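Data first, discussion second: the structure below is written as structure tokens.
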Amino acid sequence: MSSTAVCLGEAMAQVTPADGERLEHSRELRLAVAGAESTVAQYLADLGHEAAWVSRVGNDPFGRRIVAAVASRGVDVGGVLRDLEAPTGVYFKDPDPDGTRVHYYRAGSAASRMTAADADRVDLSGVQLLHLTGITPALSDGCAELVDALMTRAAVVGTLVSFDVNYRPTLWSSREVAAEALLRLARRADLVLVGRDEAETLWGTATAEDVRAHLRLSRGTLVVKDGDVGATEFTGADAEFVDAPAVEVVEAVGAGDAFAAGYLSGMLRGAPARWRLALGHRLAERTLRSIEDYVPADFTEAN
């Protein structure tokens with residue numbers, strides 16, 4: 001594929017109460033598309049990059065809707081396979097004053113059936129960036145093998161690997177298993193994005209500096225996101241911190257993926273650390289003000 005960036009991972013149909021009520025009380029539901037990697041691909045396309053999304057979906061209305069929606073944003077979906085034997089995953093948002101709860105129905109989904117053989121569908125020749133998250137290796141052993149295979153191939157052909165830790169407790173057998181697996185994958189990446197809070201849950205690190213010390217990255221860049229405080233980029237001995245803008249939060253789901261896309265866009269443009277962190281915050285802010293995981297951006301956002 002001729003894309004600048006390739007994003008691989010599961011996308012699901014998202015069901016949300018249209019009136020903002022709890023699921024058990026709402027009379028109207030909205031259907032949308034959600035998925036960390038497909039969301040990043042859509043934002044990158046919005047910001048003027050050639051982006052591709054690779055995955056599997058079911059040969060069902062949800063799968064067809066997802067592929068059409070992502071393609072409509074200018075993303076190359078030629079690497080999405082329709083699985084004739086497994087369904088597309090679905091998840092439900094349940095609004096709550098104490099924070100939105102999410103209910104996943106993705107066990108046995110088409111995407112979870114991906115294996116290392118699916119790496120053959122990913123041509124990294126000429127691809128500048130491969131974006132992966134910690135969600136994919138948690139879906140199945142086959143998906144974990146696929147992530148390993150792609151990281152190995154990227155290293156051979158010289159494609160940069162960005163890895164967003166994206167810890168999802170319900171997908172792992174235990175925190176200890178997740179901590180070990182995600183640490184190993186992070187150390188293989190050229191760029192690691194992680195939330196300060198999830199790093200503390202996984203590895204007991206209290207500060208961004210603690211995260212850097214624990215990961216002991218031999219190369220590349222680490223970005224630690226600290227919610228409404230800000231984000232810090234570590235490259236070698238250098239560190240750059242940019243405050244998060246004050247936002248009246250409607251819902252936080254999806255903000256991390258928006259931040260990742262903004263940051264990656266800046267990186268692909270060769271922008272300095274402060275600029276790419278700021279663009280990450282700008283895209284995250286859009287999502288924080290919405291109930292949607294993905295809020296279309298404009299190319300001018302990057303300028």
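Ordered as shown in the structure tokens, chains take letters A, B, and onward, while each chain numbers its residues from 1 and ligands are numbered from 1 in the order shown.
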Per residue of segment 48-148 of chain A within 9 Å of segment 181-201 of chain A, what are the shortest atom pair and its distance in Å to one decimal, counting only C-alpha atoms, with rows by chain and residue number, as a Markdown table?
```
| residue | atom | partner | partner_atom | distance |
| --- | --- | --- | --- | --- |
| A:Gly134 | CA | A:Leu182 | CA | 6.4 |
| A:Pro137 | CA | A:Ala181 | CA | 8.6 |
| A:Val147 | CA | A:Leu185 | CA | 8.7 |
| A:Asp148 | CA | A:Leu185 | CA | 8.1 |
```
Same residues, all heavy atoms, saved as an mmCIF file, in the first residue's frame:
```cif
data_model
loop_
_atom_site.group_PDB
_atom_site.id
_atom_site.type_symbol
_atom_site.label_atom_id
_atom_site.label_comp_id
_atom_site.auth_asym_id
_atom_site.auth_seq_id
_atom_site.Cartn_x
_atom_site.Cartn_y
_atom_site.Cartn_z
ATOM 1 N N GLY A 134 -2.010 -1.574 22.389
ATOM 2 C CA GLY A 134 -2.028 -2.726 23.278
ATOM 3 C C GLY A 134 -3.357 -3.446 23.314
ATOM 4 O O GLY A 134 -3.487 -4.479 23.989
ATOM 5 N N PRO A 137 -3.029 -7.093 20.793
ATOM 6 C CA PRO A 137 -2.468 -8.353 21.309
ATOM 7 C C PRO A 137 -3.291 -8.962 22.426
ATOM 8 O O PRO A 137 -3.102 -10.140 22.748
ATOM 9 C CB PRO A 137 -1.078 -7.933 21.818
ATOM 10 C CG PRO A 137 -1.184 -6.471 22.072
ATOM 11 C CD PRO A 137 -2.124 -5.959 21.022
ATOM 12 N N VAL A 147 0.919 -8.908 15.923
ATOM 13 C CA VAL A 147 1.624 -7.700 16.353
ATOM 14 C C VAL A 147 3.129 -7.950 16.382
ATOM 15 O O VAL A 147 3.926 -7.128 15.915
ATOM 16 C CB VAL A 147 1.107 -7.226 17.722
ATOM 17 C CG1 VAL A 147 2.002 -6.137 18.306
ATOM 18 C CG2 VAL A 147 -0.325 -6.721 17.594
ATOM 19 N N ASP A 148 3.532 -9.090 16.924
ATOM 20 C CA ASP A 148 4.959 -9.440 16.939
ATOM 21 C C ASP A 148 5.533 -9.494 15.522
ATOM 22 O O ASP A 148 6.625 -8.974 15.251
ATOM 23 C CB ASP A 148 5.166 -10.793 17.625
ATOM 24 C CG ASP A 148 5.207 -10.691 19.138
ATOM 25 O OD1 ASP A 148 5.579 -9.616 19.647
ATOM 26 O OD2 ASP A 148 4.890 -11.684 19.806
#
```
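Residues in contact range of Glu209 of chain A, defined as at most 10 Å between only C-alpha atoms, with sequence neighbours fewer than 2 positions away removed, read Arg196, Thr205, Ala206, Thr207, Val211, Arg212, Ala213, His214, Val224, Thr232, Phe234 and Ala239 of chain A.
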**OP:** Quick one: pick out all helix (DSSP H, G or I) residues within segment 80-288 of chain A from a backbone DSSP run and write them as a PyMOL selection string.
**Re:** chain A and resi 111-113+116-121+136-139+141-157+169-171+175-186+196-203+208-215+255-268+273-288
Original post:
Which one is closest to Ala119 of chain A: A:Ala71, A:Leu160, A:Val54, A:Ala231? Count only C-alpha atoms.
Top reply: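 Result for the nearest residue to Ala119 of chain A: A:Val54.
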**OP:** Find, counting only C-alpha atoms, the residue in A:Gly89, A:Pro169, A:Gly79, A:Gly108 that gets nearest to Asp120 of chain A.
**Re:** A:Gly79
**OP:** With a distance cut-off of 12 Å and only C-alpha atoms, select the neighbouring residues of Leu150 of chain A, excluding the residue or stretch itself and same-chain residues fewer than 2 positions from it, and output the selection as a PyMOL selection string.
**Re:** chain A and resi 6-8+54+115-124+129-132+136-137+143-148+152-163+185+188-189
**OP:** DSSP on the backbone, then: every residue of segment 128-231 of chain A marked strand (DSSP E or B), written as a PyMOL selection string.
**Re:** chain A and resi 129-133+160-164+191-195+221-226+230-231
**OP:** Pick out the closest residue to Gly262 of chain A from this set: A:Ala52, A:Ala302, A:Leu217, A:Val249. Count only C-alpha atoms.
**Re:** A:Ala302
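Distance-wise, atom CA of Asp210 of chain A and atom CA of Thr235 of chain A end up 14.6 Å apart.
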Original post:
A:Leu171, A:Ala237, A:Leu47, A:Leu31: which is nearest Arg106 of chain A, counting only C-alpha atoms?
Top reply: A:Leu171
Original post:
Looking at A:Ile66, A:Ala244, A:Val75, A:Met114, which one is nearest to Arg274 of chain A, with distances taken over only C-alpha atoms?
Top reply: A:Ala244
Original post:
If we count only C-alpha atoms, what is near Val33 of chain A at a cut-off of 8 Å, once residues fewer than 5 positions away on the same chain are taken out, given as a VMD selection string?
Top reply: chain A and resid 11 to 14 66 69
Subject >> Pairwise distance for atom CA of Val80 of chain A and atom CA of Ala36 of chain A, rounded to one decimal in Å >> reply: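 Computed distance, atom CA of Val80 of chain A to atom CA of Ala36 of chain A, equals 15.2 Å.
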**OP:** For Glu10 of chain A, work out the shell of residues within 8 Å, counting only C-alpha atoms and skipping chain neighbours fewer than 5 positions away, then give it as a ChimeraX atom specification.
**Re:** /A:35-38,55-57,111-112,136
Original post:
Within 6 Å of Asp83 of chain A, counting only C-alpha atoms, which residues qualify if same-chain residues fewer than 5 places away don't, as a list in words?
Top reply: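 Listing them by chain and then by number gives Val57, Gly58, Asn59 and Ala110 of chain A.
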Original post:
Pick from A:Arg82, A:Arg276, A:Arg73, A:Arg175: nearest to Thr39 of chain A, with only C-alpha atoms counted?
Top reply: A:Arg73
Original post:
atom CA of Gly256 of chain A and atom CA of Tyr43 of chain A are how many Å apart?
Top reply: 12.2 Å
Subject >> Spatial neighbours of Asp76 of chain A, max dist 10 Å, only C-alpha atoms, sep filter under 5 positions, as a count of residues only >> reply: 15
